[in-house]
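Student: Below are the C-alpha coordinates for one structure; questions will follow.
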Amino acid sequence: MREKIMYALGAVGSALLIYNLYVILLQLPDEANQGAIYRIMFYHIPAFFTAGFCYITALVGSSMYLIKKDLYWDALAVSATEVGLAFAAINLITGSIWGRIIWGIWWAWDPRMTWALICWLVYFGYMMLRRAIDDPTERAKIASVLSIFAMVSVSITWKAIEWWRTQHPGPVLSFRTGGQKRVDSPIEHMIYQNWWALLMIAAVFLMIRMRQEQTQREIDSLRRQAHAL
Amino acid sequence: MSLFFRQSMTVMVKDLRSEFRSKEAINASLSFAIVILLMFSFAFDPSSDAIKEMSGGLLWIVFAFAGALILNRSFARELANDCLDALVSSPVSGAALFFGKSLANLVLLVGIEMLCFPVFGIFYGVEWWKQLDSLFLVVVLATWGLTVIGTMFSALTVNLRLRELMLPMLLYPMMIPALMAAMQLTTALISGQPLTGDAYTWLRLLIGFDIIFTALSLALVETVLVR
Amino acid sequence: MDERNFTYMFYGFGVTWAIIAIYVMILAGREKGIQKQLESLRRILEDKK
(Lines give C-alpha, C1' and ligand atoms only; values in the text may rest on other atoms or scores of the structure.)
Protein backbone atom coordinates (compact mmCIF):
# COMPACT_ATOMS: atom_id res chain seq x y z
CA MET A 1 0.00 0.00 0.00
CA ARG A 2 2.76 2.34 1.02
CA GLU A 3 4.76 1.41 -2.05
CA LYS A 4 1.76 2.29 -4.20
CA ILE A 5 1.40 5.72 -2.61
CA MET A 6 5.10 6.31 -3.09
CA TYR A 7 5.04 5.42 -6.77
CA ALA A 8 1.88 7.42 -7.37
CA LEU A 9 3.29 10.52 -5.67
CA GLY A 10 6.56 10.14 -7.51
CA ALA A 11 4.89 9.77 -10.87
CA VAL A 12 2.47 12.66 -10.40
CA GLY A 13 5.15 14.88 -8.90
CA SER A 14 7.63 14.27 -11.67
CA ALA A 15 4.99 14.69 -14.34
CA LEU A 16 3.88 17.96 -12.80
CA LEU A 17 7.47 19.19 -12.56
CA ILE A 18 8.08 18.44 -16.23
CA TYR A 19 4.78 19.99 -17.28
CA ASN A 20 5.55 23.07 -15.20
CA LEU A 21 8.96 23.33 -16.82
CA TYR A 22 7.31 23.43 -20.21
CA VAL A 23 4.86 26.11 -19.11
CA ILE A 24 7.57 28.14 -17.36
CA LEU A 25 9.86 28.20 -20.33
CA LEU A 26 7.45 28.49 -23.18
CA GLN A 27 4.11 29.90 -22.11
CA LEU A 28 4.50 32.35 -19.27
CA PRO A 29 4.86 36.04 -20.07
CA ASP A 30 8.09 37.93 -19.50
CA GLU A 31 8.75 40.21 -16.61
CA ALA A 32 9.47 43.79 -17.52
CA ASN A 33 12.71 44.42 -15.67
CA GLN A 34 14.50 41.21 -14.99
CA GLY A 35 14.59 39.31 -18.24
CA ALA A 36 14.64 35.57 -18.08
CA ILE A 37 16.09 35.36 -14.59
CA TYR A 38 12.76 35.90 -12.82
CA ARG A 39 11.80 32.38 -13.81
CA ILE A 40 14.22 31.13 -11.19
CA MET A 41 11.61 32.20 -8.66
CA PHE A 42 9.54 29.19 -9.63
CA TYR A 43 12.11 27.02 -7.89
CA HIS A 44 13.52 29.42 -5.33
CA ILE A 45 10.26 30.20 -3.53
CA PRO A 46 8.67 26.71 -3.55
CA ALA A 47 11.97 25.18 -2.43
CA PHE A 48 11.97 27.48 0.58
CA PHE A 49 8.46 26.54 1.64
CA THR A 50 9.15 22.84 1.03
CA ALA A 51 12.24 23.03 3.22
CA GLY A 52 10.17 24.80 5.87
CA PHE A 53 7.57 22.01 5.81
CA CYS A 54 10.34 19.46 6.14
CA TYR A 55 11.87 21.20 9.15
CA ILE A 56 8.51 21.43 10.88
CA THR A 57 7.97 17.73 10.17
CA ALA A 58 11.38 17.09 11.73
CA LEU A 59 10.32 19.00 14.82
CA VAL A 60 7.16 16.92 15.08
CA GLY A 61 9.20 13.73 14.68
CA SER A 62 11.71 14.78 17.36
CA SER A 63 9.04 15.82 19.84
CA MET A 64 7.04 12.63 19.30
CA TYR A 65 10.17 10.55 19.78
CA LEU A 66 10.84 12.17 23.16
CA ILE A 67 7.25 11.45 24.17
CA LYS A 68 6.75 7.97 22.73
CA LYS A 69 10.33 6.65 22.52
CA ASP A 70 9.39 4.89 19.27
CA LEU A 71 12.25 4.92 16.77
CA TYR A 72 9.75 5.42 13.93
CA TRP A 73 9.53 9.08 14.94
CA ASP A 74 13.29 9.38 14.98
CA ALA A 75 13.37 8.01 11.45
CA LEU A 76 10.83 10.65 10.47
CA ALA A 77 12.97 13.38 12.05
CA VAL A 78 16.21 12.44 10.32
CA SER A 79 14.54 11.85 6.95
CA ALA A 80 12.69 15.15 7.09
CA THR A 81 15.84 17.03 8.09
CA GLU A 82 17.87 15.49 5.30
CA VAL A 83 15.26 16.24 2.63
CA GLY A 84 14.84 19.72 4.08
CA LEU A 85 18.57 20.34 3.79
CA ALA A 86 18.46 19.41 0.09
CA PHE A 87 15.62 21.82 -0.66
CA ALA A 88 17.15 24.54 1.49
CA ALA A 89 20.32 24.17 -0.57
CA ILE A 90 18.28 24.68 -3.71
CA ASN A 91 16.77 27.80 -2.13
CA LEU A 92 20.15 29.20 -1.13
CA ILE A 93 21.92 28.62 -4.43
CA THR A 94 19.08 29.80 -6.67
CA GLY A 95 18.72 32.84 -4.44
CA SER A 96 22.41 33.59 -4.79
CA ILE A 97 22.26 33.27 -8.58
CA TRP A 98 19.22 35.56 -8.71
CA GLY A 99 21.02 38.05 -6.49
CA ARG A 100 24.06 37.98 -8.79
CA ILE A 101 21.86 39.34 -11.59
CA ILE A 102 19.58 41.67 -9.69
CA TRP A 103 21.97 43.08 -7.09
CA GLY A 104 25.24 42.46 -8.88
CA ILE A 105 26.79 40.37 -6.12
CA TRP A 106 26.76 36.65 -5.37
CA TRP A 107 26.04 37.15 -1.70
CA ALA A 108 24.51 40.36 -0.39
CA TRP A 109 24.23 39.49 3.31
CA ASP A 110 20.61 40.45 3.11
CA PRO A 111 18.70 39.32 6.19
CA ARG A 112 16.57 36.57 4.69
CA MET A 113 19.35 34.84 2.80
CA THR A 114 21.62 35.14 5.82
CA TRP A 115 18.93 33.58 7.95
CA ALA A 116 18.49 30.79 5.42
CA LEU A 117 22.22 30.08 5.58
CA ILE A 118 22.19 30.00 9.38
CA CYS A 119 19.22 27.63 9.23
CA TRP A 120 21.09 25.32 6.87
CA LEU A 121 24.15 25.28 9.12
CA VAL A 122 22.08 24.52 12.21
CA TYR A 123 20.43 21.50 10.62
CA PHE A 124 23.69 20.38 9.06
CA GLY A 125 25.04 20.37 12.61
CA TYR A 126 22.15 18.06 13.49
CA MET A 127 23.26 15.61 10.78
CA MET A 128 26.86 15.82 11.98
CA LEU A 129 25.80 15.11 15.55
CA ARG A 130 23.87 12.03 14.47
CA ARG A 131 26.93 10.72 12.71
CA ALA A 132 28.95 10.98 15.90
CA ILE A 133 26.70 8.73 17.99
CA ASP A 134 26.58 4.98 17.39
CA ASP A 135 23.90 3.67 19.71
CA PRO A 136 20.51 4.17 17.99
CA THR A 137 18.50 4.98 21.13
CA GLU A 138 21.09 7.41 22.47
CA ARG A 139 21.42 8.97 19.04
CA ALA A 140 17.67 9.39 18.69
CA LYS A 141 17.39 11.00 22.11
CA ILE A 142 20.28 13.45 21.74
CA ALA A 143 19.33 14.33 18.17
CA SER A 144 15.72 14.97 19.15
CA VAL A 145 16.77 17.44 21.84
CA LEU A 146 19.05 19.19 19.38
CA SER A 147 16.28 19.34 16.80
CA ILE A 148 13.99 21.13 19.26
CA PHE A 149 16.75 23.60 20.08
CA ALA A 150 17.32 24.06 16.35
CA MET A 151 13.72 25.01 15.66
CA VAL A 152 13.59 27.46 18.57
CA SER A 153 16.91 28.97 17.55
CA VAL A 154 15.86 29.32 13.94
CA SER A 155 12.63 31.05 14.97
CA ILE A 156 14.41 33.51 17.25
CA THR A 157 17.04 34.20 14.61
CA TRP A 158 14.25 34.95 12.15
CA LYS A 159 12.76 37.54 14.50
CA ALA A 160 16.15 39.05 15.22
CA ILE A 161 17.03 39.42 11.60
CA GLU A 162 13.65 40.96 10.79
CA TRP A 163 14.72 43.92 12.85
CA TRP A 164 17.41 44.75 10.31
CA ARG A 165 16.72 46.71 7.16
CA THR A 166 15.96 44.29 4.40
CA GLN A 167 17.22 44.25 0.87
CA HIS A 168 15.27 41.13 0.07
CA PRO A 169 12.05 41.69 -1.86
CA GLY A 170 9.07 41.83 0.44
CA PRO A 171 6.22 39.36 0.34
CA VAL A 172 4.59 39.13 -3.08
CA LEU A 173 2.38 36.06 -2.78
CA SER A 174 -1.30 36.90 -2.11
CA PHE A 175 -1.57 35.08 1.17
CA ARG A 176 1.33 37.14 2.49
CA THR A 177 0.14 40.57 1.34
CA GLY A 178 -3.38 40.06 2.62
CA GLY A 179 -5.06 39.51 -0.69
CA GLN A 180 -3.60 42.40 -2.66
CA LYS A 181 -2.11 41.15 -5.87
CA ARG A 182 1.46 42.32 -6.36
CA VAL A 183 2.30 39.78 -8.98
CA ASP A 184 0.42 38.62 -12.09
CA SER A 185 -2.01 35.76 -11.61
CA PRO A 186 -0.51 33.15 -13.97
CA ILE A 187 2.89 33.69 -12.38
CA GLU A 188 1.54 33.35 -8.87
CA HIS A 189 -0.39 30.24 -9.88
CA MET A 190 2.72 28.69 -11.31
CA ILE A 191 4.59 29.31 -8.09
CA TYR A 192 1.93 27.39 -6.17
CA GLN A 193 1.78 24.71 -8.85
CA ASN A 194 5.49 24.15 -8.75
CA TRP A 195 5.31 24.13 -4.98
CA TRP A 196 2.89 21.18 -5.14
CA ALA A 197 5.24 19.39 -7.50
CA LEU A 198 8.24 19.93 -5.24
CA LEU A 199 6.24 18.94 -2.17
CA MET A 200 5.26 15.65 -3.79
CA ILE A 201 8.84 14.95 -4.72
CA ALA A 202 9.90 15.81 -1.18
CA ALA A 203 7.26 13.45 0.23
CA VAL A 204 8.55 10.61 -1.95
CA PHE A 205 12.15 11.29 -0.85
CA LEU A 206 10.98 11.31 2.76
CA MET A 207 9.19 7.99 2.45
CA ILE A 208 12.13 6.34 0.70
CA ARG A 209 14.54 7.66 3.33
CA MET A 210 12.30 6.47 6.18
CA ARG A 211 12.10 3.03 4.66
CA GLN A 212 15.89 2.98 4.49
CA GLU A 213 16.06 3.82 8.20
CA GLN A 214 13.69 0.99 8.97
CA THR A 215 15.69 -1.45 6.84
CA GLN A 216 18.86 -0.34 8.59
CA ARG A 217 17.27 -1.20 11.92
CA GLU A 218 16.31 -4.63 10.58
CA ILE A 219 19.91 -5.11 9.46
CA ASP A 220 21.18 -4.19 12.90
CA SER A 221 18.89 -6.72 14.55
CA LEU A 222 19.81 -9.40 11.99
CA ARG A 223 23.46 -8.67 12.67
CA ARG A 224 22.91 -9.16 16.37
CA GLN A 225 21.17 -12.45 15.58
CA ALA A 226 24.04 -13.56 13.37
CA HIS A 227 26.58 -12.77 16.07
CA ALA A 228 24.54 -14.61 18.66
CA LEU A 229 24.45 -17.83 16.68
CA MET B 1 11.79 25.70 44.85
CA SER B 2 14.39 26.69 47.40
CA LEU B 3 15.69 23.12 47.27
CA PHE B 4 16.37 23.65 43.59
CA PHE B 5 18.33 26.80 44.29
CA ARG B 6 20.23 25.26 47.16
CA GLN B 7 21.20 22.29 45.02
CA SER B 8 22.23 24.60 42.17
CA MET B 9 24.33 26.70 44.53
CA THR B 10 26.05 23.59 45.83
CA VAL B 11 26.90 22.44 42.32
CA MET B 12 28.03 25.92 41.36
CA VAL B 13 30.32 26.23 44.37
CA LYS B 14 31.71 22.76 43.76
CA ASP B 15 32.53 23.55 40.14
CA LEU B 16 34.06 26.92 40.96
CA ARG B 17 36.12 25.47 43.76
CA SER B 18 37.41 22.66 41.58
CA GLU B 19 38.24 25.10 38.83
CA PHE B 20 40.04 27.56 41.09
CA ARG B 21 42.11 24.74 42.53
CA SER B 22 43.65 23.84 39.18
CA LYS B 23 42.91 26.99 37.17
CA GLU B 24 43.36 24.92 33.98
CA ALA B 25 40.40 26.19 32.02
CA ILE B 26 40.74 29.78 33.23
CA ASN B 27 44.39 29.96 32.19
CA ALA B 28 43.78 28.34 28.84
CA SER B 29 40.76 30.48 28.12
CA LEU B 30 42.36 33.74 29.16
CA SER B 31 45.57 33.16 27.23
CA PHE B 32 43.55 32.09 24.20
CA ALA B 33 41.51 35.29 24.41
CA ILE B 34 44.62 37.46 24.62
CA VAL B 35 46.25 35.65 21.72
CA ILE B 36 43.18 36.22 19.56
CA LEU B 37 43.11 39.90 20.52
CA LEU B 38 46.76 40.04 19.49
CA MET B 39 46.08 38.30 16.19
CA PHE B 40 43.24 40.66 15.36
CA SER B 41 45.69 43.54 15.61
CA PHE B 42 47.37 42.16 12.50
CA ALA B 43 44.08 41.84 10.68
CA PHE B 44 43.55 45.58 10.57
CA ASP B 45 45.19 48.79 11.69
CA PRO B 46 44.82 48.90 15.49
CA SER B 47 45.16 52.65 15.75
CA SER B 48 42.47 53.64 13.30
CA ASP B 49 39.12 55.08 14.27
CA ALA B 50 37.36 52.19 12.61
CA ILE B 51 38.28 50.05 15.60
CA LYS B 52 35.51 51.65 17.63
CA GLU B 53 32.94 50.39 15.14
CA MET B 54 34.37 46.92 15.16
CA SER B 55 34.95 46.71 18.88
CA GLY B 56 31.72 44.90 19.72
CA GLY B 57 32.14 42.34 16.98
CA LEU B 58 35.78 41.72 17.77
CA LEU B 59 35.25 41.33 21.48
CA TRP B 60 32.34 38.96 21.21
CA ILE B 61 34.13 36.73 18.74
CA VAL B 62 36.98 36.55 21.24
CA PHE B 63 34.55 35.80 24.08
CA ALA B 64 32.73 33.14 22.06
CA PHE B 65 35.96 31.31 21.17
CA ALA B 66 37.41 31.57 24.66
CA GLY B 67 34.09 30.56 26.14
CA ALA B 68 33.98 27.33 24.16
CA LEU B 69 37.05 26.12 26.06
CA ILE B 70 35.36 26.62 29.40
CA LEU B 71 31.99 25.27 28.32
CA ASN B 72 33.51 22.13 26.91
CA ARG B 73 35.07 21.20 30.22
CA SER B 74 31.85 21.81 32.07
CA PHE B 75 30.48 18.29 31.78
CA ALA B 76 33.62 16.73 30.38
CA ARG B 77 35.42 17.13 33.68
CA GLU B 78 32.87 14.79 35.29
CA LEU B 79 33.68 11.88 32.99
CA ALA B 80 36.71 10.70 34.94
CA ASN B 81 35.93 8.17 37.68
CA ASP B 82 32.26 8.01 36.62
CA CYS B 83 31.55 11.25 38.42
CA LEU B 84 28.83 12.09 35.92
CA ASP B 85 26.90 8.89 36.63
CA ALA B 86 27.23 9.57 40.33
CA LEU B 87 25.92 13.10 39.94
CA VAL B 88 23.01 12.06 37.77
CA SER B 89 21.94 9.31 40.12
CA SER B 90 22.29 11.54 43.17
CA PRO B 91 19.26 13.32 44.67
CA VAL B 92 20.32 16.47 42.86
CA SER B 93 17.85 16.94 40.00
CA GLY B 94 19.24 17.14 36.49
CA ALA B 95 17.89 20.65 36.17
CA ALA B 96 19.64 21.78 39.36
CA LEU B 97 22.88 20.16 38.22
CA PHE B 98 22.61 21.95 34.90
CA PHE B 99 21.68 25.28 36.48
CA GLY B 100 24.54 25.11 38.94
CA LYS B 101 27.04 24.35 36.22
CA SER B 102 25.66 27.15 34.07
CA LEU B 103 26.04 29.60 36.95
CA ALA B 104 29.62 28.47 37.52
CA ASN B 105 30.39 28.90 33.84
CA LEU B 106 28.77 32.33 33.93
CA VAL B 107 30.99 33.45 36.79
CA LEU B 108 34.12 32.13 35.09
CA LEU B 109 33.27 33.56 31.69
CA VAL B 110 32.24 36.99 32.95
CA GLY B 111 35.45 37.09 34.97
CA ILE B 112 37.51 36.37 31.89
CA GLU B 113 35.58 38.88 29.83
CA MET B 114 36.05 41.65 32.37
CA LEU B 115 39.77 40.89 32.28
CA CYS B 116 39.76 41.09 28.50
CA PHE B 117 38.29 44.57 28.43
CA PRO B 118 41.35 46.32 29.91
CA VAL B 119 43.63 44.31 27.60
CA PHE B 120 41.49 45.38 24.66
CA GLY B 121 41.61 48.98 25.87
CA ILE B 122 45.38 48.90 26.07
CA PHE B 123 45.97 47.15 22.74
CA TYR B 124 43.56 49.28 20.75
CA GLY B 125 43.55 52.54 22.67
CA VAL B 126 39.84 52.52 23.33
CA GLU B 127 38.30 54.03 26.48
CA TRP B 128 35.82 51.30 27.19
CA TRP B 129 34.77 52.16 30.74
CA LYS B 130 32.58 55.19 30.02
CA GLN B 131 29.27 53.37 30.48
CA LEU B 132 30.48 50.58 32.67
CA ASP B 133 27.22 49.67 34.39
CA SER B 134 25.28 49.24 31.14
CA LEU B 135 28.23 47.43 29.63
CA PHE B 136 28.37 45.03 32.54
CA LEU B 137 24.64 44.35 32.23
CA VAL B 138 25.01 43.55 28.53
CA VAL B 139 28.02 41.35 29.22
CA VAL B 140 26.18 39.36 31.86
CA LEU B 141 23.01 38.95 29.78
CA ALA B 142 24.80 37.86 26.64
CA THR B 143 27.19 35.61 28.52
CA TRP B 144 24.24 33.94 30.23
CA GLY B 145 22.80 33.13 26.79
CA LEU B 146 26.17 31.73 25.74
CA THR B 147 26.53 29.79 28.97
CA VAL B 148 23.06 28.30 29.06
CA ILE B 149 23.19 26.90 25.55
CA GLY B 150 26.86 26.02 25.86
CA THR B 151 26.38 24.06 29.08
CA MET B 152 23.37 22.30 27.56
CA PHE B 153 25.37 21.29 24.52
CA SER B 154 28.22 20.27 26.76
CA ALA B 155 25.79 17.80 28.32
CA LEU B 156 24.60 16.71 24.86
CA THR B 157 28.07 16.06 23.54
CA VAL B 158 29.73 14.77 26.69
CA ASN B 159 29.97 11.19 25.45
CA LEU B 160 31.08 11.92 21.92
CA ARG B 161 34.55 11.31 20.55
CA LEU B 162 34.71 14.65 18.73
CA ARG B 163 33.33 16.63 21.62
CA GLU B 164 35.70 19.61 21.28
CA LEU B 165 34.81 19.96 17.63
CA MET B 166 31.08 19.38 17.87
CA LEU B 167 30.38 21.80 20.69
CA PRO B 168 31.50 24.99 18.89
CA MET B 169 30.00 23.81 15.61
CA LEU B 170 26.59 23.29 17.17
CA LEU B 171 26.78 26.28 19.51
CA TYR B 172 27.76 29.18 17.30
CA PRO B 173 24.94 29.18 14.73
CA MET B 174 22.40 29.02 17.56
CA MET B 175 24.11 31.87 19.38
CA ILE B 176 23.89 34.25 16.44
CA PRO B 177 20.89 36.31 17.64
CA ALA B 178 22.40 36.85 21.09
CA LEU B 179 25.84 37.56 19.66
CA MET B 180 24.32 39.99 17.18
CA ALA B 181 22.56 41.87 19.95
CA ALA B 182 25.64 41.80 22.19
CA MET B 183 27.89 43.08 19.42
CA GLN B 184 25.58 45.97 18.57
CA LEU B 185 25.11 46.97 22.19
CA THR B 186 28.80 46.61 23.09
CA THR B 187 29.91 48.70 20.14
CA ALA B 188 27.44 51.41 21.07
CA LEU B 189 28.44 51.39 24.73
CA ILE B 190 32.18 51.31 24.13
CA SER B 191 32.19 54.13 21.62
CA GLY B 192 30.35 56.26 24.13
CA GLN B 193 27.10 56.56 22.23
CA PRO B 194 23.99 56.92 24.34
CA LEU B 195 21.59 54.02 24.18
CA THR B 196 18.99 54.80 21.50
CA GLY B 197 15.59 53.23 20.92
CA ASP B 198 17.20 50.64 18.69
CA ALA B 199 19.37 49.55 21.56
CA TYR B 200 16.35 48.71 23.69
CA THR B 201 15.13 46.41 20.95
CA TRP B 202 18.42 44.56 21.06
CA LEU B 203 18.24 44.43 24.84
CA ARG B 204 14.74 42.96 24.70
CA LEU B 205 15.98 40.41 22.17
CA LEU B 206 18.80 39.44 24.52
CA ILE B 207 16.51 39.07 27.51
CA GLY B 208 13.94 37.11 25.49
CA PHE B 209 16.69 34.86 24.15
CA ASP B 210 17.94 34.16 27.68
CA ILE B 211 14.50 33.40 29.08
CA ILE B 212 13.47 31.11 26.23
CA PHE B 213 16.64 29.08 26.16
CA THR B 214 16.92 28.84 29.93
CA ALA B 215 13.39 27.45 30.09
CA LEU B 216 13.99 25.06 27.21
CA SER B 217 17.27 23.81 28.65
CA LEU B 218 15.87 23.28 32.14
CA ALA B 219 13.00 21.31 30.62
CA LEU B 220 15.13 19.05 28.43
CA VAL B 221 18.35 18.54 30.37
CA GLU B 222 16.97 15.73 32.51
CA THR B 223 16.15 13.75 29.35
CA VAL B 224 19.65 14.23 28.06
CA LEU B 225 21.50 13.27 31.22
CA VAL B 226 19.58 10.15 32.19
CA ARG B 227 20.85 7.21 30.14
CA MET C 1 10.94 34.84 -24.50
CA ASP C 2 13.06 37.67 -23.24
CA GLU C 3 16.63 36.54 -23.73
CA ARG C 4 18.27 38.83 -21.16
CA ASN C 5 19.99 36.96 -18.34
CA PHE C 6 19.07 33.69 -19.99
CA THR C 7 22.40 32.06 -19.10
CA TYR C 8 21.99 32.64 -15.41
CA MET C 9 18.42 31.42 -15.46
CA PHE C 10 19.76 28.30 -17.08
CA TYR C 11 22.37 27.96 -14.31
CA GLY C 12 19.63 28.34 -11.72
CA PHE C 13 17.45 25.66 -13.28
CA GLY C 14 20.53 23.49 -13.73
CA VAL C 15 21.43 23.79 -10.04
CA THR C 16 17.90 22.90 -8.94
CA TRP C 17 17.69 19.80 -11.09
CA ALA C 18 21.27 18.87 -10.26
CA ILE C 19 20.60 18.95 -6.52
CA ILE C 20 17.45 16.87 -6.96
CA ALA C 21 19.37 14.40 -9.15
CA ILE C 22 22.26 14.23 -6.69
CA TYR C 23 19.91 13.50 -3.83
CA VAL C 24 18.20 10.77 -5.85
CA MET C 25 21.62 9.25 -6.50
CA ILE C 26 22.53 9.47 -2.81
CA LEU C 27 19.30 7.67 -1.91
CA ALA C 28 19.88 5.05 -4.60
CA GLY C 29 23.45 4.47 -3.49
CA ARG C 30 22.37 4.06 0.10
CA GLU C 31 19.63 1.65 -0.97
CA LYS C 32 22.16 -0.48 -2.84
CA GLY C 33 24.44 -0.57 0.18
CA ILE C 34 21.57 -1.56 2.44
CA GLN C 35 20.38 -4.31 0.11
CA LYS C 36 23.92 -5.68 -0.10
CA GLN C 37 24.23 -5.75 3.69
CA LEU C 38 20.83 -7.42 3.96
CA GLU C 39 21.78 -10.07 1.42
CA SER C 40 25.07 -10.92 3.04
CA LEU C 41 23.48 -11.09 6.49
CA ARG C 42 20.67 -13.37 5.27
CA ARG C 43 23.25 -15.62 3.65
CA ILE C 44 25.25 -15.79 6.90
CA LEU C 45 22.13 -16.66 8.84
CA GLU C 46 21.20 -19.36 6.30
CA ASP C 47 24.67 -20.88 6.54
CA LYS C 48 24.58 -20.90 10.29
CA LYS C 49 21.22 -22.63 10.50
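Chain labels run A, B, ... following the order of the C-alpha coordinates; each chain numbers its residues from 1, and ligands are numbered from 1 in the order shown.
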I'd like the contact shell of region 27-44 of chain C - 9 Å cut-off, only C-alpha atoms, skipping same-chain residues fewer than 4 positions apart - returned as a ChimeraX atom specification.

Tutor: /A:205,208-209,212,215-216,218-219,222-223,226 /C:22-23,48-49

Student: Return the neighbours of chain C among the residues of chain A, cut-off 10 Å, counting only C-alpha atoms, as JSON, numbers by chain.

Tutor: {"A": [21, 25, 26, 27, 28, 29, 30, 31, 32, 33, 34, 35, 36, 37, 38, 39, 40, 41, 42, 43, 44, 47, 82, 83, 86, 87, 89, 90, 91, 93, 94, 95, 96, 97, 98, 100, 101, 102, 198, 201, 202, 205, 208, 209, 211, 212, 213, 215, 216, 218, 219, 220, 222, 223, 225, 226, 227, 229]}

Student: Residues of chain A within 12 Å of chain B, counting only C-alpha atoms - could you list those as a PyMOL selection string?

Tutor: chain A and resi 63+65-67+69+114-135+137-164

Student: Which value, in Å to one decimal, gives the distance between CA of Ile24 (chain A) and CA of Gln193 (chain A)?

Tutor: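 For CA of Ile24 (chain A) relative to CA of Gln193 (chain A), the distance reads 10.8 Å.
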
Student: Hey, which of B:Val119, B:Leu59, B:Ala80, B:Val88 ends up closest to Val139 (chain B)? Count only C-alpha atoms.

Tutor: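 The answer is B:Leu59, which sits nearest to Val139 (chain B).
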
Student: Considering only C-alpha atoms, return as a ChimeraX atom specification whatever protein or nucleic-acid residues lie within 12 Å of Glu19 (chain B), sequence-local ones (same chain, fewer than 5 positions apart) excluded.

Tutor: /B:12-14,24-28,70,73-74,77,101,104-105,107-108

Student: To one decimal in Å, tell me the separation between CA of Leu59 (chain A) and CA of Leu199 (chain A).

Tutor: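 Taking CA of Leu59 (chain A) and CA of Leu199 (chain A), their separation equals 17.5 Å.
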
Student: If you measure from CA of Ala80 (chain A) to CA of Val204 (chain A), what distance in Å do you get, rounded to one decimal?

Tutor: 10.9 Å
